[in-house]
Amino acid sequence: MFLALVVTPELREFLARARGGAVRLIKVCIQDEQLVLGAFRKPEQSWDRDYDQCLLPLLDEQEPCYILYRLDSQNALGYEWIFISWSPDQSPVKQKMLYAATRATVKKEFGGGHVKYEMFGTAEEDICLLGYQRHVSSCSGPAPLTLAEQELQRIKITEGRVKQVTTEISVESKHQTLQGLAFPLQESARRALQQLANKRINYIQLRLDVEKETIELVHTNPTEIRELPLRVPKDAPRYHLFLYKHSHEGDYLESVVFIYSMPGYSCSIKERMLYSSCKSRLLEELEKEYRLEVAKKLEIDDGDELTEEFLYDEVHPKQHAHKQAFAKPRGPAGKRGHKRLIKGPGDTV
């Protein structure tokens, strides 16, 4: 919506001539509800050298105006222009509203096809040469990201750091490629893993330090099976290693169980991605560097799942009995017996 003020014949004629390139700058003002020519400047040097010295002296701190500034570049219609709306903070509110409502009229009168960039300013730094260059840079850059897009961008950056490790596994040069983030273990975490490998402790809890990009030790408190659910935080992801001591089919066993706990969607997408990506490389290091044979790898979202029955069934899955193939039933007795011998006429009894 715009206000259609009268354009004076002198201004209309001047705008038509100016589009040919003889003018560098045109100042348009509102006087007595008419759009009038306020001032103009002719080109002296290149557009960027003329810019500040032509434009800044014409700005009034108390009064809005429109500025049309000619660039040296051209399009199919002729020279390209910058259309500037100047509305200083100290100008009266009524004038600000009037100039805002008339802006579309001025652009239409001059010819929108000639306008390459539009700018709005309340202070000189907004529309000086540096301000114009910042405006052009922002126009050519990508649109501002939403919060969700910013989070997704951070995840993609994280994914970009995923390393591929190729390991030779046989004399025939077969290769296995492993993917995952390789956050280093802090020294205290390394010592705890060595103690677990020597069975001097029975529980380790690890967390990711996202800022430092390391894996650090939370604690190694002695833990019984009934206490295991209490070790799982309800508001933060963790890695757990538990030495599960139990009997199975008459044998006493000490099985290492790796537990990755992620409490639902209360954690950020970034945390979920990092913990998921670091898991495989951590497990690889546990088995290779510390000779820890992980009997079972679990992923849970609530510590209440970790009952004694649940652990036992996970470490020792129940073997389903093999179903016997369907056997064709034998026919009734007497109908399929031994073959009868039929004696011929010349046979003797």
# chains A, B, ... in the order shown; residues from 1 in each chain; ligands from 1
>>> select_by_dssp(residues="region 69-296 of chain A", states="strand (DSSP E)", output="PyMOL selection string")
chain A and resi 69-75+78-86+115-121+163-168+175-180+203-209+214-219+238-248+251-261+294-296
>>> residues_around(residues="Gly113 (chain A)", least_positions_apart="5", cutoff="12 Å", atoms="only C-alpha atoms", output="list in words")
Arg19, Gln74, Asn75, Ala76, Leu77, Gly78, Tyr79, Glu80, Trp81, Ile82, Phe83, Lys107, Lys108 and Glu118 of chain A
>>> closest_residue(among="A:Met97, A:Ala182, A:Leu196, A:Val36", to="Phe14 (chain A)", atoms="only C-alpha atoms")
A:Val36
>>> residues_around(residues="Glu305 (chain A)", least_positions_apart="5", cutoff="8 Å", atoms="only C-alpha atoms", output="VMD selection string")
chain A and resid 229 300 310
>>> closest_residue(among="A:Glu293, A:Glu254, A:Asp209, A:Glu33", to="Gln95 (chain A)", atoms="only C-alpha atoms")
A:Glu33
>>> residues_around(residues="Phe120 (chain A)", least_positions_apart="2", cutoff="7 Å", atoms="only C-alpha atoms", output="PyMOL selection string")
chain A and resi 84-86
>>> atom_distance(atom1="CA of Arg17 (chain A)", atom2="CA of Tyr66 (chain A)")
17.8 Å
>>> residues_around(residues="region 223-228 of chain A", least_positions_apart="6", cutoff="7 Å", atoms="only C-alpha atoms", output="number ranges by chain")
A: 202-203, 306, 308
>>> closest_residue(among="A:His219, A:Lys279, A:Lys296, A:Arg291", to="Ser255 (chain A)", atoms="only C-alpha atoms")
A:Lys296
>>> residues_around(residues="Leu274 (chain A)", least_positions_apart="3", cutoff="8 Å", atoms="only C-alpha atoms", output="number ranges by chain")
A: 158, 181, 270-271, 277-278
>>> atom_distance(atom1="CA of Glu13 (chain A)", atom2="CA of Leu59 (chain A)")
23.6 Å
>>> atom_distance(atom1="CA of Asp50 (chain A)", atom2="CA of Gln90 (chain A)")
26.8 Å
